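Content type PDB, C-alpha atoms, from the file protein-v3.pdb:
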```
ATOM      1  CA  MET A   1     -48.173 -25.828  15.164
ATOM      2  CA  TRP A   2     -49.125 -23.213  17.785
ATOM      3  CA  GLY A   3     -51.729 -25.313  19.595
ATOM      4  CA  LYS A   4     -49.331 -27.945  20.915
ATOM      5  CA  VAL A   5     -47.526 -27.240  24.218
ATOM      6  CA  GLN A   6     -44.643 -29.399  25.335
ATOM      7  CA  THR A   7     -43.322 -29.245  28.894
ATOM      8  CA  VAL A   8     -39.556 -29.604  29.071
ATOM      9  CA  GLY A   9     -39.013 -29.277  32.798
ATOM     10  CA  THR A  10     -40.094 -27.642  36.015
ATOM     11  CA  ILE A  11     -39.470 -24.084  37.100
ATOM     12  CA  THR A  12     -37.068 -25.262  39.816
ATOM     13  CA  GLU A  13     -34.974 -26.992  37.195
ATOM     14  CA  PHE A  14     -35.019 -23.817  35.118
ATOM     15  CA  ILE A  15     -33.915 -21.575  37.976
ATOM     16  CA  ASN A  16     -30.388 -22.434  38.999
ATOM     17  CA  LYS A  17     -29.546 -20.946  42.369
ATOM     18  CA  GLU A  18     -25.777 -21.071  41.768
ATOM     19  CA  ALA A  19     -25.990 -19.214  38.465
ATOM     20  CA  THR A  20     -25.062 -15.555  38.256
ATOM     21  CA  LEU A  21     -26.443 -12.958  35.916
ATOM     22  CA  GLY A  22     -23.080 -12.066  34.447
ATOM     23  CA  THR A  23     -19.427 -12.811  34.712
ATOM     24  CA  ALA A  24     -16.952 -10.325  36.031
ATOM     25  CA  ALA A  25     -13.270 -10.341  35.321
ATOM     26  CA  SER A  26     -11.092 -11.110  38.283
ATOM     27  CA  VAL A  27      -8.861  -8.391  39.665
ATOM     28  CA  ASN A  28      -6.359 -11.145  40.476
ATOM     29  CA  GLU A  29      -5.878 -11.788  36.754
ATOM     30  CA  LEU A  30      -5.080  -8.116  36.206
ATOM     31  CA  LEU A  31      -2.613  -8.078  39.108
ATOM     32  CA  ASP A  32      -1.018 -11.308  37.879
ATOM     33  CA  TRP A  33      -0.529  -9.755  34.474
ATOM     34  CA  ALA A  34       0.953  -6.573  35.978
ATOM     35  CA  LEU A  35       3.396  -8.493  38.188
ATOM     36  CA  HIS A  36       4.457 -11.060  35.573
ATOM     37  CA  PRO A  37       4.423  -9.354  32.175
ATOM     38  CA  VAL A  38       6.927 -11.826  30.718
ATOM     39  CA  GLU A  39       4.726 -14.812  31.507
ATOM     40  CA  GLN A  40       1.525 -13.191  30.351
ATOM     41  CA  THR A  41       1.118 -11.575  26.978
ATOM     42  CA  LYS A  42       0.103  -7.969  26.590
ATOM     43  CA  GLU A  43      -3.080  -8.902  24.783
ATOM     44  CA  ILE A  44      -4.379 -10.943  27.701
ATOM     45  CA  GLY A  45      -3.664  -7.997  29.986
ATOM     46  CA  ALA A  46      -5.504  -5.606  27.717
ATOM     47  CA  ASN A  47      -8.486  -7.966  27.550
ATOM     48  CA  VAL A  48      -8.548  -8.332  31.332
ATOM     49  CA  ALA A  49      -8.318  -4.553  31.761
ATOM     50  CA  TYR A  50     -11.176  -4.032  29.313
ATOM     51  CA  ASP A  51     -13.259  -6.718  31.026
ATOM     52  CA  ASN A  52     -12.799  -4.839  34.318
ATOM     53  CA  ILE A  53     -13.777  -1.492  32.775
ATOM     54  CA  GLU A  54     -16.656  -2.732  30.588
ATOM     55  CA  PRO A  55     -19.410  -2.906  33.278
ATOM     56  CA  TYR A  56     -18.809   0.746  34.153
ATOM     57  CA  LEU A  57     -18.862   1.741  30.496
ATOM     58  CA  ASP A  58     -22.172  -0.092  30.076
ATOM     59  CA  ILE A  59     -23.650   1.827  33.009
ATOM     60  CA  VAL A  60     -22.466   5.144  31.584
ATOM     61  CA  CYS A  61     -23.935   4.276  28.170
ATOM     62  CA  MET A  62     -27.287   3.344  29.697
ATOM     63  CA  VAL A  63     -27.494   6.461  31.852
ATOM     64  CA  SER A  64     -26.526   8.765  28.982
ATOM     65  CA  TYR A  65     -29.764   8.241  27.048
ATOM     66  CA  PRO A  66     -32.194   9.585  29.677
ATOM     67  CA  LEU A  67     -29.838  12.435  30.537
ATOM     68  CA  ALA A  68     -29.434  13.417  26.902
ATOM     69  CA  SER A  69     -33.198  13.228  26.409
ATOM     70  CA  LEU A  70     -33.739  15.488  29.397
ATOM     71  CA  MET A  71     -31.140  17.994  28.163
ATOM     72  CA  ILE A  72     -32.615  18.067  24.655
ATOM     73  CA  THR A  73     -36.093  18.582  26.108
ATOM     74  CA  MET A  74     -34.805  21.450  28.237
ATOM     75  CA  ALA A  75     -33.118  22.957  25.172
ATOM     76  CA  GLY A  76     -36.392  22.721  23.272
ATOM     77  CA  LEU A  77     -38.198  24.523  26.063
ATOM     78  CA  LEU A  78     -35.502  27.210  26.081
ATOM     79  CA  TYR A  79     -35.991  27.614  22.343
ATOM     80  CA  ILE A  80     -39.714  28.123  22.852
ATOM     81  CA  VAL A  81     -39.055  30.726  25.571
ATOM     82  CA  SER A  82     -36.829  32.701  23.128
ATOM     83  CA  PHE A  83     -33.381  31.679  24.359
ATOM     84  CA  LYS A  84     -32.478  30.513  20.863
ATOM     85  CA  GLU A  85     -28.672  30.845  21.047
ATOM     86  CA  LYS A  86     -28.443  29.084  24.392
ATOM     87  CA  SER A  87     -30.801  26.292  23.297
ATOM     88  CA  ILE A  88     -28.892  25.619  20.073
ATOM     89  CA  SER A  89     -25.674  25.497  22.087
ATOM     90  CA  TRP A  90     -27.248  22.969  24.477
ATOM     91  CA  LEU A  91     -28.550  20.862  21.590
ATOM     92  CA  THR A  92     -25.153  20.793  19.916
ATOM     93  CA  LYS A  93     -23.187  19.992  23.077
ATOM     94  CA  THR A  94     -25.662  17.341  24.204
ATOM     95  CA  SER A  95     -25.669  15.626  20.812
ATOM     96  CA  ILE A  96     -21.875  15.548  20.595
ATOM     97  CA  ALA A  97     -21.549  14.304  24.185
ATOM     98  CA  TYR A  98     -24.153  11.567  23.637
ATOM     99  CA  VAL A  99     -22.452  10.272  20.493
ATOM    100  CA  PHE A 100     -19.057  10.345  22.223
ATOM    101  CA  ILE A 101     -20.406   8.419  25.228
ATOM    102  CA  GLN A 102     -21.969   5.797  22.947
ATOM    103  CA  LEU A 103     -18.609   5.377  21.186
ATOM    104  CA  LEU A 104     -16.675   5.247  24.472
ATOM    105  CA  PRO A 105     -16.506   1.402  24.744
ATOM    106  CA  MET A 106     -15.126   1.149  21.214
ATOM    107  CA  LEU A 107     -12.658   3.982  21.774
ATOM    108  CA  THR A 108     -11.489   2.387  25.024
ATOM    109  CA  LYS A 109     -10.922  -0.945  23.292
ATOM    110  CA  VAL A 110      -8.985   0.802  20.510
ATOM    111  CA  ALA A 111      -6.859   2.697  23.053
ATOM    112  CA  LEU A 112      -6.027  -0.528  24.889
ATOM    113  CA  GLN A 113      -5.139  -2.263  21.625
ATOM    114  CA  LEU A 114      -2.862   0.643  20.691
ATOM    115  CA  LEU A 115      -1.139   0.415  24.082
ATOM    116  CA  ILE A 116      -0.205  -3.221  23.566
ATOM    117  CA  THR A 117       1.354  -2.681  20.163
TER     118      THR A 117
END
```
Could you rewrite the structure in this file as structure tokens?
Amino acid sequence: MWGKVQTVGTITEFINKEATLGTAASVNELLDWALHPVEQTKEIGANVAYDNIEPYLDIVCMVSYPLASLMITMAGLLYIVSFKEKSISWLTKTSIAYVFIQLLPMLTKVALQLLIT
């Protein structure tokens, strides 16, 4: 089973030069929805708005982990150096902020869905 290798194509066939890594929502779709709300439904507008915001939310979510780790490490060092009240405050605030940032895409989607109803 593992000893048999089957070639399915060349590397040049695998790499498509016209392909992109991701798809981005067009700003024109958002403007079209804003200018013609009767022709376009609210749900399509909310989806287009979320598609425009989502890449930035992904970046914020990815950056939040190293920053939260750094802040928690600093709070641990403060605890060792006898700044117990300040370190516990940092731990609490960092934990709450990290959880909120991780929930931000879901909360944004919920807010947009509430706006269209």
Quiz prompt | Picked residues, the PyMOL selection byres ((chain A and resi 90-101) around 8), as number ranges by chain | solution = A: 60-61, 64-65, 68, 71-72, 75, 86-89, 102-104
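The space separating atom CA of Asp51 of chain A from atom CA of Glu29 of chain A comes to 10.6 Å.
The gap separating atom CA of Gly76 of chain A from atom CA of Asp58 of chain A is 27.7 Å, in Å to one decimal.
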Quiz prompt | Point-to-point distance in Å for atom CA of Leu107 of chain A and atom CA of Asp32 of chain A | solution =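 So the answer is 25.1 Å.
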Practice problem: Go through A:Asn28, A:Glu54, A:Ala34, A:Ile44 and flag the residue nearest Gln113 of chain A, using only C-alpha atoms for the distances. | Solution: A:Ile44
Exercise. Go through A:Ser82, A:Ser69, A:Thr108, A:Gln6 one by one, measure the shortest atom-to-atom distance of each to Ala49 of chain A using all atoms listed in the file, and give the residue with the smallest value.
Key: A:Thr108
Adding 4 Å on each side of the box along x, y and z that holds all listed atoms of segment 89-96 of chain A, could you give its centre and edge lengths in Å to one decimal, as JSON?
```
{"center_x": -25.2, "center_y": 20.5, "center_z": 22.2, "size_x": 14.7, "size_y": 17.9, "size_z": 12.6}
```
